[in-house]
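Visitor: Sending over model05.csv (CSV, C-alpha atoms).
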chain,number,residue,atom,x,y,z
A,1,MET,CA,-161.1,-14.0,-22.5
A,2,LYS,CA,-158.1,-11.7,-22.2
A,3,ARG,CA,-159.2,-10.0,-25.4
A,4,VAL,CA,-162.7,-9.4,-24.1
A,5,ILE,CA,-161.3,-7.9,-20.9
A,6,SER,CA,-158.8,-5.7,-22.7
A,7,SER,CA,-161.5,-4.5,-25.2
A,8,SER,CA,-163.9,-3.7,-22.3
A,9,ILE,CA,-161.2,-1.7,-20.5
A,10,PHE,CA,-160.4,0.1,-23.7
A,11,VAL,CA,-164.1,1.0,-24.2
A,12,ALA,CA,-164.4,2.1,-20.6
A,13,LEU,CA,-161.3,4.3,-21.0
A,14,ILE,CA,-162.7,5.9,-24.1
A,15,THR,CA,-166.1,6.6,-22.5
A,16,THR,CA,-164.4,8.2,-19.5
A,17,ILE,CA,-162.2,10.3,-21.7
A,18,ILE,CA,-165.2,11.5,-23.8
A,19,THR,CA,-167.4,12.3,-20.8
A,20,GLY,CA,-164.5,14.1,-19.2
A,21,CYS,CA,-163.9,16.2,-22.3
A,22,SER,CA,-167.6,17.0,-22.6
A,23,MET,CA,-167.7,18.2,-19.0
A,24,PHE,CA,-164.6,20.3,-19.5
A,25,ALA,CA,-166.1,21.7,-22.7
A,26,LYS,CA,-169.3,22.6,-20.9
A,27,GLU,CA,-167.4,24.3,-18.0
A,28,SER,CA,-165.2,26.2,-20.3
A,29,SER,CA,-168.1,27.4,-22.5
A,30,SER,CA,-170.1,28.4,-19.4
A,31,LYS,CA,-167.1,30.3,-18.1
A,32,ASP,CA,-166.6,32.0,-21.5
A,33,LEU,CA,-170.1,33.2,-21.4
A,34,ALA,CA,-170.1,34.3,-17.8
A,35,GLU,CA,-166.8,36.1,-17.5
A,36,PRO,CA,-166.8,38.9,-20.0
A,37,ILE,CA,-170.2,40.3,-19.0
A,38,PRO,CA,-169.1,42.1,-15.7
A,39,VAL,CA,-166.0,43.5,-17.4
A,40,GLU,CA,-168.1,45.1,-20.1
A,41,ARG,CA,-170.5,46.4,-17.6
A,42,GLU,CA,-167.7,48.0,-15.6
A,43,GLN,CA,-166.3,49.6,-18.7
A,44,LEU,CA,-169.7,51.0,-19.5
A,45,THR,CA,-170.2,52.6,-16.1
A,46,GLU,CA,-166.7,54.1,-16.2
A,47,LYS,CA,-167.4,55.7,-19.6
A,48,GLU,CA,-170.7,57.0,-18.4
A,49,THR,CA,-169.2,58.8,-15.4
A,50,SER,CA,-166.1,60.3,-17.2
A,51,ALA,CA,-168.0,61.6,-20.2
A,52,PRO,CA,-168.8,65.3,-20.2
A,53,LYS,CA,-172.4,66.1,-19.3
A,54,ILE,CA,-174.2,69.1,-20.8
A,55,SER,CA,-177.4,70.4,-19.2
A,56,ASN,CA,-179.4,73.6,-19.2
A,57,GLU,CA,-179.1,76.0,-16.2
A,58,GLU,CA,-181.9,75.8,-13.6
A,59,ASN,CA,-184.9,78.1,-14.0
A,60,CYS,CA,-184.7,77.9,-17.8
A,61,GLY,CA,-188.1,77.9,-19.5
A,62,VAL,CA,-187.8,76.7,-23.1
A,63,GLN,CA,-185.2,74.0,-23.5
A,64,ALA,CA,-184.0,73.4,-27.1
A,65,THR,CA,-182.4,70.1,-27.9
A,66,GLY,CA,-180.3,68.9,-30.8
A,67,PRO,CA,-180.9,65.7,-32.9
A,68,SER,CA,-178.9,63.6,-30.4
A,69,GLY,CA,-181.0,64.9,-27.4
A,70,GLU,CA,-178.3,67.2,-26.0
A,71,PRO,CA,-179.5,70.6,-24.9
A,72,LEU,CA,-178.6,73.5,-27.2
A,73,LEU,CA,-177.3,76.9,-26.3
A,74,THR,CA,-179.9,79.6,-26.8
A,75,LYS,CA,-180.3,83.3,-25.9
A,76,GLU,CA,-182.7,82.4,-23.1
A,77,CYS,CA,-180.9,79.4,-21.6
A,78,LYS,CA,-177.3,79.1,-20.4
A,79,LEU,CA,-175.5,75.7,-20.7
A,80,VAL,CA,-173.8,74.0,-17.8
A,81,ILE,CA,-170.9,71.7,-18.9
A,82,THR,CA,-169.8,69.2,-16.2
A,83,VAL,CA,-166.6,67.1,-16.7
A,84,LEU,CA,-164.6,64.7,-14.6
A,85,GLY,CA,-160.8,65.3,-14.8
A,86,GLN,CA,-158.5,62.5,-13.7
A,87,GLY,CA,-154.9,62.8,-12.5
A,88,VAL,CA,-152.3,60.4,-11.1
A,89,ALA,CA,-149.7,61.1,-8.4
A,90,PRO,CA,-146.1,60.6,-9.4
A,91,VAL,CA,-144.2,57.7,-7.9
A,92,ASN,CA,-141.4,59.6,-6.3
A,93,THR,CA,-143.4,61.9,-3.9
A,94,VAL,CA,-142.2,62.8,-0.4
A,95,SER,CA,-145.5,62.7,1.4
A,96,PRO,CA,-149.2,61.8,0.7
A,97,ALA,CA,-150.0,65.5,0.9
A,98,GLN,CA,-147.6,66.2,-1.9
A,99,ALA,CA,-149.0,63.3,-3.9
A,100,TYR,CA,-152.5,64.7,-3.4
A,101,GLY,CA,-151.5,68.2,-4.5
A,102,LEU,CA,-149.7,67.0,-7.7
A,103,ALA,CA,-152.5,64.6,-8.6
A,104,LYS,CA,-155.1,67.3,-8.1
A,105,ARG,CA,-153.2,69.7,-10.4
A,106,ALA,CA,-153.0,67.0,-13.1
A,107,ALA,CA,-156.7,66.3,-12.7
A,108,ILE,CA,-157.6,70.0,-13.0
A,109,ALA,CA,-155.5,70.2,-16.3
A,110,ASP,CA,-157.4,67.1,-17.6
A,111,GLY,CA,-160.7,68.8,-16.6
A,112,TYR,CA,-159.7,72.0,-18.5
A,113,ARG,CA,-158.8,69.9,-21.5
A,114,LEU,CA,-162.2,68.1,-21.4
A,115,ILE,CA,-164.0,71.5,-21.2
A,116,ALA,CA,-161.9,72.9,-24.1
A,117,GLU,CA,-162.7,69.8,-26.2
A,118,LYS,CA,-166.4,70.3,-25.6
A,119,VAL,CA,-166.6,74.1,-26.0
A,120,LYS,CA,-164.0,74.7,-28.7
A,121,GLY,CA,-163.6,71.3,-30.4
A,122,VAL,CA,-160.8,68.9,-31.3
A,123,ARG,CA,-158.6,68.7,-34.3
A,124,VAL,CA,-158.0,65.1,-35.3
A,125,GLU,CA,-155.4,63.9,-37.7
A,126,GLY,CA,-155.0,60.2,-38.7
A,127,ASN,CA,-152.3,58.5,-40.6
A,128,ASP,CA,-152.1,54.8,-41.6
A,129,LEU,CA,-149.1,53.3,-43.5
A,130,ILE,CA,-150.0,50.2,-45.4
A,131,LYS,CA,-147.3,48.1,-47.1
A,132,ASN,CA,-147.9,44.9,-49.0
A,133,MET,CA,-151.6,45.0,-47.9
A,134,MET,CA,-150.6,45.1,-44.2
A,135,VAL,CA,-150.8,48.0,-41.8
A,136,LYS,CA,-147.3,48.9,-40.9
A,137,GLN,CA,-148.0,52.0,-38.8
A,138,SER,CA,-151.2,53.6,-37.5
A,139,THR,CA,-151.0,57.1,-36.0
A,140,ILE,CA,-153.8,59.3,-34.6
A,141,ARG,CA,-153.0,62.8,-33.4
A,142,THR,CA,-155.5,65.1,-31.7
A,143,CYS,CA,-154.9,68.6,-30.4
A,144,VAL,CA,-157.0,71.2,-28.5
A,145,ASP,CA,-156.2,74.9,-28.2
A,146,ALA,CA,-158.5,77.2,-26.2
A,147,VAL,CA,-158.7,79.8,-23.4
A,148,ILE,CA,-161.0,78.7,-20.5
A,149,LYS,CA,-162.2,81.3,-18.0
A,150,ASN,CA,-164.4,80.9,-14.9
A,151,ALA,CA,-164.4,77.1,-14.6
A,152,ASN,CA,-165.2,75.9,-11.1
A,153,VAL,CA,-164.1,72.8,-9.2
A,154,THR,CA,-167.2,71.3,-7.6
A,155,GLU,CA,-165.9,68.1,-6.1
A,156,THR,CA,-162.6,66.4,-5.5
A,157,THR,CA,-161.9,62.8,-4.6
A,158,PHE,CA,-158.5,61.1,-4.0
A,159,LYS,CA,-158.3,57.3,-3.8
A,160,ASP,CA,-155.4,54.9,-4.5
A,161,GLY,CA,-153.2,57.6,-6.1
A,162,LEU,CA,-155.9,58.7,-8.5
A,163,CYS,CA,-157.4,62.1,-8.1
A,164,GLU,CA,-160.8,62.9,-9.7
A,165,VAL,CA,-162.0,66.4,-10.0
A,166,GLU,CA,-165.5,67.4,-11.0
A,167,MET,CA,-165.5,70.7,-12.8
A,168,GLU,CA,-168.2,72.8,-14.3
A,169,ILE,CA,-168.5,75.8,-16.5
A,170,VAL,CA,-171.5,77.9,-17.4
A,171,VAL,CA,-171.6,78.9,-21.0
A,172,SER,CA,-173.9,81.8,-22.1
A,173,HIS,CA,-175.0,82.8,-25.6
A,174,SER,CA,-173.5,86.3,-25.3
A,175,GLN,CA,-170.0,84.8,-25.0
A,176,PHE,CA,-170.3,83.5,-28.6
A,177,ALA,CA,-172.2,86.4,-30.0
A,178,GLN,CA,-169.2,88.3,-31.4
B,1,MET,CA,-160.6,132.6,13.8
B,2,ARG,CA,-159.8,132.7,10.1
B,3,SER,CA,-156.1,131.9,10.6
B,4,ARG,CA,-157.0,128.9,12.9
B,5,ASN,CA,-159.4,127.5,10.3
B,6,GLY,CA,-156.9,128.0,7.6
B,7,ASN,CA,-154.2,126.2,9.6
B,8,ARG,CA,-156.5,123.3,10.1
B,9,SER,CA,-157.2,122.9,6.4
B,10,ILE,CA,-153.5,123.2,5.6
B,11,SER,CA,-152.6,120.5,8.1
B,12,LEU,CA,-155.4,118.3,6.9
B,13,SER,CA,-154.2,118.6,3.3
B,14,ILE,CA,-150.6,117.9,4.4
B,15,CYS,CA,-151.7,114.8,6.3
B,16,SER,CA,-153.8,113.6,3.4
B,17,ILE,CA,-150.8,114.1,1.0
B,18,ILE,CA,-148.5,112.1,3.4
B,19,PHE,CA,-151.2,109.4,3.7
B,20,PHE,CA,-151.7,109.0,-0.1
B,21,SER,CA,-148.0,109.2,-0.9
B,22,SER,CA,-147.4,106.5,1.6
B,23,LEU,CA,-150.1,104.4,0.0
B,24,ALA,CA,-148.5,105.1,-3.4
B,25,LEU,CA,-145.1,104.1,-2.1
B,26,ASN,CA,-146.5,100.7,-0.9
B,27,ALA,CA,-148.3,100.0,-4.2
B,28,GLY,CA,-146.5,98.4,-7.2
B,29,GLU,CA,-147.1,96.8,-10.5
B,30,TYR,CA,-145.9,93.3,-11.1
B,31,LEU,CA,-145.8,90.9,-14.1
B,32,ILE,CA,-146.9,87.4,-13.2
B,33,SER,CA,-146.9,84.3,-15.5
B,34,TYR,CA,-147.8,80.7,-14.6
B,35,ARG,CA,-147.4,77.5,-16.5
B,36,TYR,CA,-147.6,73.8,-15.9
B,37,VAL,CA,-147.2,70.7,-18.0
B,38,VAL,CA,-149.1,67.4,-17.5
B,39,LYS,CA,-147.7,64.4,-19.3
B,40,ASP,CA,-149.7,61.1,-19.3
B,41,ALA,CA,-151.9,62.3,-16.4
B,42,ILE,CA,-148.8,63.1,-14.2
B,43,LEU,CA,-147.7,66.7,-13.4
B,44,TYR,CA,-144.4,67.2,-15.1
B,45,ASN,CA,-143.3,70.8,-14.6
B,46,GLU,CA,-144.8,73.8,-12.9
B,47,SER,CA,-143.4,77.4,-12.9
B,48,LEU,CA,-144.7,80.7,-11.5
B,49,SER,CA,-142.7,83.8,-12.4
B,50,VAL,CA,-143.1,87.1,-10.6
B,51,ALA,CA,-141.2,90.2,-11.6
B,52,LYS,CA,-141.6,93.9,-10.9
B,53,ALA,CA,-142.8,95.8,-13.9
B,54,MET,CA,-140.2,98.2,-15.4
B,55,LYS,CA,-142.8,100.4,-17.0
B,56,ARG,CA,-146.3,101.4,-16.2
B,57,CYS,CA,-149.1,99.0,-17.2
B,58,ASP,CA,-152.3,99.9,-18.9
B,59,GLY,CA,-155.5,98.0,-18.5
B,60,ILE,CA,-158.9,97.7,-16.9
B,61,PRO,CA,-158.8,96.4,-13.3
B,62,GLN,CA,-160.4,93.0,-12.8
B,63,ALA,CA,-161.6,91.1,-9.7
B,64,ALA,CA,-159.1,91.5,-6.9
B,65,ILE,CA,-157.7,89.0,-4.4
B,66,GLU,CA,-156.4,89.7,-0.9
B,67,LEU,CA,-153.6,87.7,0.5
B,68,GLU,CA,-152.2,87.7,4.0
B,69,THR,CA,-148.8,89.3,4.1
B,70,ASN,CA,-147.5,88.6,7.7
B,71,SER,CA,-145.9,92.1,7.5
B,72,SER,CA,-143.8,91.3,4.4
B,73,SER,CA,-143.6,93.3,1.3
B,74,ASP,CA,-142.0,90.6,-0.9
B,75,LEU,CA,-144.7,89.5,-3.3
B,76,LYS,CA,-143.0,86.3,-4.3
B,77,LYS,CA,-142.9,85.3,-0.7
B,78,ILE,CA,-146.5,86.2,-0.1
B,79,ILE,CA,-147.6,84.2,-3.1
B,80,THR,CA,-145.6,81.2,-2.1
B,81,GLU,CA,-147.1,81.3,1.4
B,82,ASN,CA,-150.6,81.4,-0.1
B,83,SER,CA,-149.9,79.4,-3.3
B,84,ASP,CA,-153.1,77.3,-3.3
B,85,GLU,CA,-155.4,80.3,-2.9
B,86,PHE,CA,-153.5,82.3,-5.5
B,87,ILE,CA,-153.3,79.5,-8.1
B,88,ASP,CA,-157.1,78.8,-7.7
B,89,TYR,CA,-157.6,82.5,-8.4
B,90,ILE,CA,-155.3,82.5,-11.4
B,91,HIS,CA,-157.3,79.7,-12.9
B,92,LYS,CA,-160.4,81.8,-12.7
B,93,LEU,CA,-158.7,84.7,-14.7
B,94,GLY,CA,-158.5,82.5,-17.8
B,95,MET,CA,-156.0,79.8,-18.6
B,96,HIS,CA,-154.7,79.0,-22.1
B,97,VAL,CA,-155.1,75.2,-22.6
B,98,LYS,CA,-152.9,73.5,-25.2
B,99,HIS,CA,-153.4,69.7,-25.4
B,100,SER,CA,-152.0,67.2,-27.9
B,101,ASP,CA,-152.0,63.4,-27.8
B,102,ILE,CA,-150.8,60.7,-30.1
B,103,THR,CA,-151.9,57.1,-30.4
B,104,MET,CA,-149.2,55.2,-32.3
B,105,ASN,CA,-149.8,51.5,-32.8
B,106,ALA,CA,-152.3,51.4,-30.0
B,107,GLN,CA,-149.9,53.2,-27.6
B,108,TYR,CA,-151.2,56.5,-26.1
B,109,LYS,CA,-149.2,59.5,-25.1
B,110,SER,CA,-150.6,62.9,-24.1
B,111,THR,CA,-149.3,66.3,-23.1
B,112,THR,CA,-151.4,69.1,-21.7
B,113,ILE,CA,-150.0,72.6,-21.0
B,114,LEU,CA,-151.9,75.2,-19.0
B,115,THR,CA,-150.6,78.7,-19.2
B,116,LEU,CA,-151.4,82.1,-17.7
B,117,LYS,CA,-149.8,84.5,-20.2
B,118,THR,CA,-147.7,87.3,-18.6
B,119,THR,CA,-150.3,89.5,-17.0
B,120,CYS,CA,-149.7,92.8,-15.2
B,121,PHE,CA,-151.0,93.0,-11.6
B,122,LYS,CA,-151.3,96.1,-9.4
B,123,VAL,CA,-150.4,95.2,-5.8
B,124,ASP,CA,-151.3,97.4,-2.8
B,125,PHE,CA,-149.5,96.4,0.4
B,126,ASN,CA,-151.4,97.2,3.6
B,127,ASP,CA,-150.5,96.2,7.2
B,128,ASN,CA,-151.7,92.6,7.0
B,129,PHE,CA,-153.0,92.2,3.5
B,130,ALA,CA,-151.8,92.6,0.0
B,131,ARG,CA,-154.5,93.5,-2.5
B,132,ILE,CA,-153.7,92.0,-5.9
B,133,ILE,CA,-155.6,93.4,-8.9
B,134,PRO,CA,-155.1,92.2,-12.4
B,135,LEU,CA,-155.0,94.7,-15.2
B,136,LYS,CA,-156.3,93.5,-18.6
Go ahead and render the structure in this file as structure tokens.

Guide:
Amino acid sequence: MKRVISSSIFVALITTIITGCSMFAKESSSKDLAEPIPVEREQLTEKETSAPKISNEENCGVQATGPSGEPLLTKECKLVITVLGQGVAPVNTVSPAQAYGLAKRAAIADGYRLIAEKVKGVRVEGNDLIKNMMVKQSTIRTCVDAVIKNANVTETTFKDGLCEVEMEIVVSHSQFAQ
Amino acid sequence: MRSRNGNRSISLSICSIIFFSSLALNAGEYLISYRYVVKDAILYNESLSVAKAMKRCDGIPQAAIELETNSSSDLKKIITENSDEFIDYIHKLGMHVKHSDITMNAQYKSTTILTLKTTCFKVDFNDNFARIIPLK
């Protein structure tokens, strides 16, 4: 009798453990599927807004586009390059106004850099050190060198110590004709 | 009659000479340079240098800016009082952008330097305004 009772208890324990594990497994799998999606979406939207935009100037008749769909610079049409520069206020500021001023300047510099990257191009240099079939050190260096004239700040926002500056520049064919 | 007319023209020319010489005395040429460094999206260092030119500058006048002087003839003081307006104007003249970044073992560091190379500016001081004209 005792054996029967103990065996039934043992069976019951095992079944509860198995059902519990299966429920936990279901929950975890559903969580794994549900959680990463909004993060990826957020990253996508962020990338979309901060990437430089190239468009033709208004009142432009014939619009030539490249293989990727981006408008090309032609004699007839001027290009408008819009970028979003971002800057952060330093920690040790005296007042919110000073934080805003410093963050805005940093954001403008970032905007200029983005315009320079788009107009002039970026020099990229990569270096990987592999020892015993393992990556020991990976280095990527990029540099930009340009002179930017007549860029305009169109919009400025400052929120939570981050300043975002929307800048645009009009590029004409004659500037590159030399 | 003749003598009267002649006197008038002489006095007029003297007045005009005095007027233009006073204008010339209030005008000057200055060398201005501006530079700031941004490291990892934070402003690191900013410097604006103003000095009176020791020899005459050559160049074609560009678009001018007018700043309020508050009856001062010290250009550095005038620029400091209107720094936001003047720095926005300087950006339009053409800034040299030098950026470099390094990603080492997935750690990112960046440095951006914006510079206005030493440029000669002609400055005319009036009663309430200073007219600043870059010569390039």

Visitor: From the list B:Thr118, B:Ser110, B:Asn126, B:Asn105, which residue is nearest chain A when using all atoms listed in the file?

Guide: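 Of B:Thr118, B:Ser110, B:Asn126, B:Asn105, the one nearest chain A is B:Asn105, counting all atoms listed in the file.
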
Visitor: Counting all atoms listed in the file, which residues of chain B come no farther than 10 Å from chain A, as an MDAnalysis selection string?

Guide: chainID B and resid 36:44 46 84 88:116

Visitor: Just to confirm, what's the straight-line distance from atom CA of A:Ser55 to atom CA of A:Thr157 in Å (one decimal)?

Guide: 22.6 Å

Visitor: Could you name the residues that touch A:Lys53 at 7 Å or less, counting all atoms listed in the file, but leaving out those on the same chain fewer than 2 positions away, as a list in words?

Guide: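 Residues meeting the cut-off are Ala51, Ser55, Ile81, Thr82 and Val83 of chain A.
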
Visitor: Measuring atom to atom with only C-alpha atoms, identify which of A:Ile54, A:Ala64, A:His173, A:Gly161 is nearest to A:Thr93.

Guide: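 Ranking A:Ile54, A:Ala64, A:His173, A:Gly161 by distance to A:Thr93, first place goes to A:Gly161.
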
Visitor: Work out how far atom CA of B:Val50 is from atom CA of B:Val123, in Å to one decimal.

Guide: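 Answer for the atom CA of B:Val123 to atom CA of B:Val50 separation: 11.9 Å.
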
Visitor: How many Å separate atom CA of A:Leu79 from atom CA of A:Val170?

Guide: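 Those two atoms sit 5.6 Å apart.
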
Visitor: I need every residue sitting at most 8 Å from the point (-141.7, 76.5, -11.8) (coordinates as in the file, all atoms listed in the file considered), written as a PyMOL selection string.

Guide: chain B and resi 34-36+45-49

Visitor: Based on the selection just made, write C-alpha atoms of those residues as a PDB file, in the frame of the given file.

Guide:
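Result went into again35.pdb, see below:
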ATOM      1  CA  TYR B  34    -147.800  80.700 -14.600  1.00  0.00           C
ATOM      2  CA  ARG B  35    -147.400  77.500 -16.500  1.00  0.00           C
ATOM      3  CA  TYR B  36    -147.600  73.800 -15.900  1.00  0.00           C
ATOM      4  CA  ASN B  45    -143.300  70.800 -14.600  1.00  0.00           C
ATOM      5  CA  GLU B  46    -144.800  73.800 -12.900  1.00  0.00           C
ATOM      6  CA  SER B  47    -143.400  77.400 -12.900  1.00  0.00           C
ATOM      7  CA  LEU B  48    -144.700  80.700 -11.500  1.00  0.00           C
ATOM      8  CA  SER B  49    -142.700  83.800 -12.400  1.00  0.00           C
TER       9      SER B  49
END

Visitor: Report as number ranges by chain all protein, DNA and RNA residues lying within 7 Å of B:Glu66, evaluated on only C-alpha atoms, omitting residues in the same chain fewer than 2 positions from it.

Guide: B: 64, 68, 129-132

Visitor: For A:Val119, which residue out of A:Val94, A:Gly66, A:Val80, A:Asn56 is the nearest one, using only C-alpha atoms?

Guide: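 Counting only C-alpha atoms, the residue closest to A:Val119 is A:Val80.
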